[in-house]
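**Student:** To start, I am sharing the structure in question, which I have written as structure tokens.
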Amino acid sequence: MNAENIALLTDSCADIPAEVLKQHSIYTVPFTITFPEGSYQDGVDIFPDDIYRRQPDEVIQTSLPSGAAIADTIQKIKDDGYHKAIAIMLSSGLSGCYQMVRMMAEETEGLDIAVFDSMSGSLGQAAMVLTVARWLEEGRTWDDILQMLPRLMKNTYPYFSVDTLEYLKRGGRIGKITALAGTALGIKPIISFDPVTGELASTHKIRGRHAAMKKLVQVAISHIDPAKRYNIMWAHGGTPEEGAQIAQMLREAAPDFVQEFSGEIDCTLASYVGPHLLGAAVQVLDDDM
């Protein structure tokens, strides 16, 4: 029951499956992926497998959702009869999408839009969006959600394991991640988002893929407060079998979760990190959530 007629808006880097977007009536603006022959819209006419197939031999460029795509989406929200909207966008430490949507929201008439910088992406961003979707279905008010959402964002802890830093370096998205001379020796970095800047930052350096998977889950669940409820989430980049392993490890390590969210890494983030990324996260819920 969405009593105040509030819409939800995000971008394609939230990695929310299409059927889930439709189920919760979540509006999404796609990032742009560009190859020499032309540009595509992330999740609309290009998909992650296309990125992994072309990535080793081609330069992939990504850019913000177009102003026209954002304007059209805002207009669609208005046409669908919504009076207010909450937008949760990819970390400003990786992209200017948040600033662009905020600027356009300020110029929009006839629709109140509250725009939030997730300081996250992928499964972290998705968990924020989907928890707010649940709040709306429960009939939470606009004022309640705006008051709770900053706390929810701080209580969401996503971590990722990547096979190599090569693609992050190639795309200039290395952020605060230290280049690892030992990558050739099987070092697998665990990365997250810096809570101050929203940039990518390394948290651990683990030798071996299996050890990195175990550490990924261990670090995520370390944020669980035994006195509080929590959600779990996981994601993969072109490696569904390992994604299923991460899911099972999370369920066994943190069996009392309220909700479980999952997704596949989008084209934009896949362009940054390369294939075989794995993600695990925990979202701690305060009593009023």
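By convention here, the chains of the structure tokens are called A, B, ... in the order presented, each chain's residues are numbered starting at 1, and ligands are numbered starting at 1 in the order presented.
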Do you know which residues are at most 10 Å from Gly198 in chain A counting only C-alpha atoms, after dropping those on the same chain fewer than 4 positions away, and could you put them as a VMD selection string?

**Tutor:** chain A and resid 90 to 95 117 to 121 175 to 176 192 to 194

**Student:** Output as a ChimeraX atom specification all residues of range 112-175 of chain A that backbone DSSP marks as strand (DSSP E).

**Tutor:** /A:112-117,156-161

**Student:** Can you list, as a list in words, every protein, DNA or RNA residue that comes within 12 Å of Pro240 in chain A when you count only C-alpha atoms, leaving out same-chain residues fewer than 2 positions away?

**Tutor:**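 Counting only the stated atoms, we get Asp49, Trp234, Ala235, His236, Gly237, Gly238, Glu242, Gly243, Ala244, Gln245, Ile246, Ala247, Ser262, Gly263, Glu264, Ile265, Pro275, His276, Leu277, Leu278 and Gly279 of chain A.
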
**Student:** Output N, CA and C atoms of each residue in that selection to a file, as a short mmCIF file (atom, residue, chain, number, x, y, z; two decimals), in the first residue's frame.

**Tutor:**
data_model
loop_
_atom_site.label_atom_id
_atom_site.label_comp_id
_atom_site.auth_asym_id
_atom_site.auth_seq_id
_atom_site.Cartn_x
_atom_site.Cartn_y
_atom_site.Cartn_z
N ASP A 49 27.09 -10.43 -20.83
CA ASP A 49 27.83 -11.41 -21.64
C ASP A 49 28.47 -10.75 -22.85
N TRP A 234 23.89 -10.98 -2.51
CA TRP A 234 25.05 -11.49 -3.23
C TRP A 234 24.90 -11.18 -4.71
N ALA A 235 26.03 -11.17 -5.41
CA ALA A 235 26.01 -10.88 -6.85
C ALA A 235 27.21 -11.57 -7.50
N HIS A 236 27.12 -11.74 -8.80
CA HIS A 236 28.23 -12.32 -9.54
C HIS A 236 28.36 -11.63 -10.89
N GLY A 237 29.54 -11.75 -11.47
CA GLY A 237 29.80 -11.19 -12.79
C GLY A 237 30.20 -12.27 -13.76
N GLY A 238 29.22 -12.90 -14.38
CA GLY A 238 29.49 -13.93 -15.38
C GLY A 238 29.97 -15.24 -14.80
N GLU A 242 29.73 -19.90 -9.07
CA GLU A 242 30.39 -19.37 -7.87
C GLU A 242 29.45 -18.43 -7.12
N GLY A 243 28.60 -17.71 -7.85
CA GLY A 243 27.61 -16.87 -7.19
C GLY A 243 26.70 -17.70 -6.29
N ALA A 244 26.32 -18.88 -6.79
CA ALA A 244 25.48 -19.77 -5.99
C ALA A 244 26.23 -20.27 -4.76
N GLN A 245 27.53 -20.46 -4.89
CA GLN A 245 28.33 -20.86 -3.73
C GLN A 245 28.37 -19.76 -2.68
N ILE A 246 28.55 -18.52 -3.12
CA ILE A 246 28.55 -17.38 -2.20
C ILE A 246 27.19 -17.29 -1.50
N ALA A 247 26.12 -17.49 -2.25
CA ALA A 247 24.78 -17.45 -1.66
C ALA A 247 24.64 -18.48 -0.56
N SER A 262 19.61 -10.65 -4.74
CA SER A 262 20.70 -11.12 -5.60
C SER A 262 20.62 -10.45 -6.95
N GLY A 263 21.73 -10.48 -7.68
CA GLY A 263 21.74 -9.88 -9.00
C GLY A 263 23.00 -10.24 -9.76
N GLU A 264 23.02 -9.88 -11.02
CA GLU A 264 24.21 -10.04 -11.86
C GLU A 264 24.76 -8.66 -12.18
N ILE A 265 26.08 -8.54 -12.14
CA ILE A 265 26.72 -7.25 -12.38
C ILE A 265 26.32 -6.70 -13.75
N PRO A 275 35.54 -9.73 -15.84
CA PRO A 275 34.71 -10.89 -15.50
C PRO A 275 35.07 -11.50 -14.14
N HIS A 276 34.16 -12.32 -13.64
CA HIS A 276 34.37 -13.18 -12.47
C HIS A 276 34.34 -12.43 -11.15
N LEU A 277 33.73 -11.26 -11.11
CA LEU A 277 33.53 -10.60 -9.82
C LEU A 277 32.52 -11.37 -8.99
N LEU A 278 32.73 -11.37 -7.69
CA LEU A 278 31.77 -11.91 -6.74
C LEU A 278 31.49 -10.86 -5.68
N GLY A 279 30.25 -10.80 -5.22
CA GLY A 279 29.89 -9.81 -4.20
C GLY A 279 29.07 -10.42 -3.10
#

**Student:** Which residues come within 7 Å of Gly208 in chain A, counting only C-alpha atoms, excluding same-chain residues fewer than 6 positions away, as a list of chain:residue names?

**Tutor:**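 Everything that qualifies: A:Gly186, A:Ile187, A:Lys188.
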
**Student:** With a distance cut-off of 10 Å and only C-alpha atoms, select the neighbouring residues of range 137-147 of chain A, excluding the residue or stretch itself and same-chain residues fewer than 6 positions from it, and output the selection as a PyMOL selection string.

**Tutor:** chain A and resi 1-6+24+84-86+114+116+131+288-289

**Student:** Find, counting only C-alpha atoms, the residue in A:Gln23, A:Thr28, A:Asn231, A:Ser66 that gets nearest to Met128 in chain A.

**Tutor:** A:Asn231

**Student:** Select from range 8-234 of chain A everything DSSP, run on the backbone, classes as alpha helix (DSSP H), then give the selection as an NGL selection string.

**Tutor:** :A and (18-24 or 48-54 or 67-79 or 97-106 or 123-137 or 142-154 or 166-170 or 209-221)

**Student:** Using only C-alpha atoms for the distances, tell me which of A:Val20, A:Ala126, A:Ala253, A:Leu64 is nearest to Thr34 in chain A.

**Tutor:**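 Closest to Thr34 in chain A of all the choices is A:Leu64.
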
**Student:** Which range 174-251 of chain A residues have any atom within 10 Å of an atom of range 157-168 of chain A, and for each, what is the nearest pair of atoms with distance in Å to one decimal, counting only C-alpha atoms, rows sorted by chain and number, as a tab-separated table?

**Tutor:**
residue	atom	partner	partner_atom	distance
A:Ile174	CA	A:Leu168	CA	5.1
A:Gly175	CA	A:Leu168	CA	8.6
A:Ile177	CA	A:Leu165	CA	8.7
A:Thr178	CA	A:Leu165	CA	9.3
A:Ala179	CA	A:Leu165	CA	7.3
A:Leu180	CA	A:Leu165	CA	7.9
A:Thr183	CA	A:Thr164	CA	6.9
A:Ala184	CA	A:Thr164	CA	9.0
A:Gly186	CA	A:Asp163	CA	8.6
A:Ile187	CA	A:Asp163	CA	8.4
A:Lys188	CA	A:Asp163	CA	5.9
A:Pro189	CA	A:Ser161	CA	5.9
A:Ile190	CA	A:Ser161	CA	4.7
A:Ile191	CA	A:Phe160	CA	5.2
A:Ser192	CA	A:Tyr159	CA	4.8
A:Phe193	CA	A:Pro158	CA	7.7
A:Pro195	CA	A:Tyr157	CA	9.8
A:Leu200	CA	A:Leu168	CA	9.8
A:Ala201	CA	A:Tyr159	CA	10.0
A:Ser202	CA	A:Phe160	CA	9.4
A:Thr203	CA	A:Tyr159	CA	8.8
A:His204	CA	A:Ser161	CA	9.5
A:Lys205	CA	A:Ser161	CA	9.6
A:Ile206	CA	A:Ser161	CA	9.4
A:Gly208	CA	A:Asp163	CA	9.5
A:Arg209	CA	A:Asp163	CA	7.9
A:Ala212	CA	A:Ser161	CA	6.8
A:Met213	CA	A:Ser161	CA	7.3
A:Lys215	CA	A:Ser161	CA	9.2
A:Leu216	CA	A:Tyr159	CA	6.5
A:Val217	CA	A:Tyr159	CA	8.4
A:Val219	CA	A:Tyr159	CA	7.7
A:Ala220	CA	A:Tyr157	CA	6.5
A:Ile221	CA	A:Tyr157	CA	8.9
A:Ser222	CA	A:Tyr157	CA	9.7
A:His223	CA	A:Tyr157	CA	7.4
A:Ile224	CA	A:Tyr157	CA	9.7
A:Ile232	CA	A:Tyr157	CA	9.7
A:Met233	CA	A:Pro158	CA	8.4
A:Trp234	CA	A:Pro158	CA	8.7
A:Ala235	CA	A:Phe160	CA	8.8
A:His236	CA	A:Phe160	CA	9.2
A:Gly237	CA	A:Val162	CA	9.4

**Student:** Would you mind exporting C-alpha atoms of the selected residues as a PDB file, in the first residue's frame?

**Tutor:**
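Contents of out29.pdb, freshly written:
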ATOM      1  CA  ILE A 174      41.215   2.340  -9.417  1.00  0.00           C
ATOM      2  CA  GLY A 175      40.108   4.821  -6.715  1.00  0.00           C
ATOM      3  CA  ILE A 177      42.817   0.571  -4.373  1.00  0.00           C
ATOM      4  CA  THR A 178      46.558  -0.003  -4.159  1.00  0.00           C
ATOM      5  CA  ALA A 179      48.035  -1.688  -7.206  1.00  0.00           C
ATOM      6  CA  LEU A 180      49.062  -5.187  -6.211  1.00  0.00           C
ATOM      7  CA  THR A 183      48.491 -10.291  -8.526  1.00  0.00           C
ATOM      8  CA  ALA A 184      50.431 -12.774 -10.646  1.00  0.00           C
ATOM      9  CA  GLY A 186      47.229 -15.305  -7.041  1.00  0.00           C
ATOM     10  CA  ILE A 187      46.448 -12.332  -4.796  1.00  0.00           C
ATOM     11  CA  LYS A 188      42.711 -11.558  -4.927  1.00  0.00           C
ATOM     12  CA  PRO A 189      41.749  -8.150  -3.519  1.00  0.00           C
ATOM     13  CA  ILE A 190      38.586  -7.626  -1.490  1.00  0.00           C
ATOM     14  CA  ILE A 191      37.184  -4.177  -2.246  1.00  0.00           C
ATOM     15  CA  SER A 192      34.372  -1.976  -0.999  1.00  0.00           C
ATOM     16  CA  PHE A 193      33.299   1.677  -1.105  1.00  0.00           C
ATOM     17  CA  PRO A 195      32.360   5.673   3.300  1.00  0.00           C
ATOM     18  CA  LEU A 200      36.492   1.984  -4.446  1.00  0.00           C
ATOM     19  CA  ALA A 201      38.925   0.977  -1.709  1.00  0.00           C
ATOM     20  CA  SER A 202      40.738  -2.258  -0.917  1.00  0.00           C
ATOM     21  CA  THR A 203      40.054  -3.862   2.446  1.00  0.00           C
ATOM     22  CA  HIS A 204      41.941  -7.174   2.248  1.00  0.00           C
ATOM     23  CA  LYS A 205      44.461  -8.975   0.053  1.00  0.00           C
ATOM     24  CA  ILE A 206      43.844 -12.720  -0.089  1.00  0.00           C
ATOM     25  CA  GLY A 208      43.656 -17.790  -3.938  1.00  0.00           C
ATOM     26  CA  ARG A 209      40.106 -17.708  -5.238  1.00  0.00           C
ATOM     27  CA  ALA A 212      38.930 -14.923  -1.185  1.00  0.00           C
ATOM     28  CA  MET A 213      35.366 -16.265  -1.366  1.00  0.00           C
ATOM     29  CA  LYS A 215      36.944 -13.953   3.326  1.00  0.00           C
ATOM     30  CA  LEU A 216      34.317 -12.106   1.290  1.00  0.00           C
ATOM     31  CA  VAL A 217      31.511 -13.728   3.267  1.00  0.00           C
ATOM     32  CA  VAL A 219      33.907  -9.683   6.178  1.00  0.00           C
ATOM     33  CA  ALA A 220      30.307  -9.066   5.145  1.00  0.00           C
ATOM     34  CA  ILE A 221      28.747 -10.925   8.061  1.00  0.00           C
ATOM     35  CA  SER A 222      31.148  -9.290  10.538  1.00  0.00           C
ATOM     36  CA  HIS A 223      28.779  -6.299  10.453  1.00  0.00           C
ATOM     37  CA  ILE A 224      25.808  -8.247  11.798  1.00  0.00           C
ATOM     38  CA  ILE A 232      21.824 -10.556   3.028  1.00  0.00           C
ATOM     39  CA  MET A 233      22.709 -10.065  -0.608  1.00  0.00           C
ATOM     40  CA  TRP A 234      25.055 -11.489  -3.234  1.00  0.00           C
ATOM     41  CA  ALA A 235      26.015 -10.882  -6.846  1.00  0.00           C
ATOM     42  CA  HIS A 236      28.228 -12.324  -9.542  1.00  0.00           C
ATOM     43  CA  GLY A 237      29.803 -11.187 -12.789  1.00  0.00           C
TER      44      GLY A 237
END

**Student:** Which residue is closest to Thr10 in chain A? Choose from A:Met104, A:Ala211, A:Leu111, A:Val129 and count only C-alpha atoms.

**Tutor:**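 Checking each candidate against Thr10 in chain A, we get A:Val129 as the closest.
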
**Student:** Work out how far apart CA of Lys76 in chain A and CA of Glu107 in chain A are and give it in Å to one decimal.

**Tutor:**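 Those two atoms sit 15.8 Å apart.
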
**Student:** Any idea what's packed within 12 Å of Asp57 in chain A, counting only C-alpha atoms, ignoring anything in its chain fewer than 5 positions away? Could you give it as JSON, numbers by chain?

**Tutor:** {"A": [35, 51, 52, 167]}

**Student:** Go ahead and write the selection's residues with all heavy atoms as a PDB file, in the first residue's frame.

**Tutor:**
ATOM      1  N   PHE A  35      31.007   1.409 -28.005  1.00  0.00           N
ATOM      2  CA  PHE A  35      32.023   0.711 -28.783  1.00  0.00           C
ATOM      3  C   PHE A  35      32.268   1.521 -30.063  1.00  0.00           C
ATOM      4  O   PHE A  35      31.509   2.454 -30.364  1.00  0.00           O
ATOM      5  CB  PHE A  35      31.547  -0.700 -29.132  1.00  0.00           C
ATOM      6  CG  PHE A  35      31.553  -1.653 -27.981  1.00  0.00           C
ATOM      7  CD1 PHE A  35      30.386  -1.889 -27.254  1.00  0.00           C
ATOM      8  CD2 PHE A  35      32.711  -2.323 -27.616  1.00  0.00           C
ATOM      9  CE1 PHE A  35      30.382  -2.774 -26.190  1.00  0.00           C
ATOM     10  CE2 PHE A  35      32.721  -3.213 -26.559  1.00  0.00           C
ATOM     11  CZ  PHE A  35      31.557  -3.432 -25.839  1.00  0.00           C
ATOM     12  N   ILE A  51      29.698  -7.763 -22.885  1.00  0.00           N
ATOM     13  CA  ILE A  51      30.888  -7.075 -22.379  1.00  0.00           C
ATOM     14  C   ILE A  51      32.039  -8.059 -22.210  1.00  0.00           C
ATOM     15  O   ILE A  51      33.161  -7.817 -22.686  1.00  0.00           O
ATOM     16  CB  ILE A  51      30.583  -6.389 -21.034  1.00  0.00           C
ATOM     17  CG1 ILE A  51      29.474  -5.338 -21.208  1.00  0.00           C
ATOM     18  CG2 ILE A  51      31.848  -5.761 -20.459  1.00  0.00           C
ATOM     19  CD1 ILE A  51      29.816  -4.197 -22.118  1.00  0.00           C
ATOM     20  N   TYR A  52      31.787  -9.172 -21.540  1.00  0.00           N
ATOM     21  CA  TYR A  52      32.857 -10.132 -21.281  1.00  0.00           C
ATOM     22  C   TYR A  52      33.420 -10.707 -22.582  1.00  0.00           C
ATOM     23  O   TYR A  52      34.627 -10.971 -22.683  1.00  0.00           O
ATOM     24  CB  TYR A  52      32.340 -11.263 -20.388  1.00  0.00           C
ATOM     25  CG  TYR A  52      31.816 -10.791 -19.053  1.00  0.00           C
ATOM     26  CD1 TYR A  52      30.593 -11.246 -18.559  1.00  0.00           C
ATOM     27  CD2 TYR A  52      32.516  -9.864 -18.282  1.00  0.00           C
ATOM     28  CE1 TYR A  52      30.096 -10.810 -17.341  1.00  0.00           C
ATOM     29  CE2 TYR A  52      32.024  -9.412 -17.066  1.00  0.00           C
ATOM     30  CZ  TYR A  52      30.809  -9.889 -16.601  1.00  0.00           C
ATOM     31  OH  TYR A  52      30.324  -9.460 -15.403  1.00  0.00           O
ATOM     32  N   TYR A 167      41.391  -4.326 -15.260  1.00  0.00           N
ATOM     33  CA  TYR A 167      40.319  -3.558 -15.889  1.00  0.00           C
ATOM     34  C   TYR A 167      40.025  -2.266 -15.123  1.00  0.00           C
ATOM     35  O   TYR A 167      39.690  -1.250 -15.722  1.00  0.00           O
ATOM     36  CB  TYR A 167      39.064  -4.424 -16.013  1.00  0.00           C
ATOM     37  CG  TYR A 167      39.260  -5.585 -16.949  1.00  0.00           C
ATOM     38  CD1 TYR A 167      39.468  -6.871 -16.452  1.00  0.00           C
ATOM     39  CD2 TYR A 167      39.274  -5.402 -18.335  1.00  0.00           C
ATOM     40  CE1 TYR A 167      39.671  -7.943 -17.303  1.00  0.00           C
ATOM     41  CE2 TYR A 167      39.476  -6.476 -19.194  1.00  0.00           C
ATOM     42  CZ  TYR A 167      39.684  -7.737 -18.683  1.00  0.00           C
ATOM     43  OH  TYR A 167      39.892  -8.787 -19.537  1.00  0.00           O
TER      44      TYR A 167
END
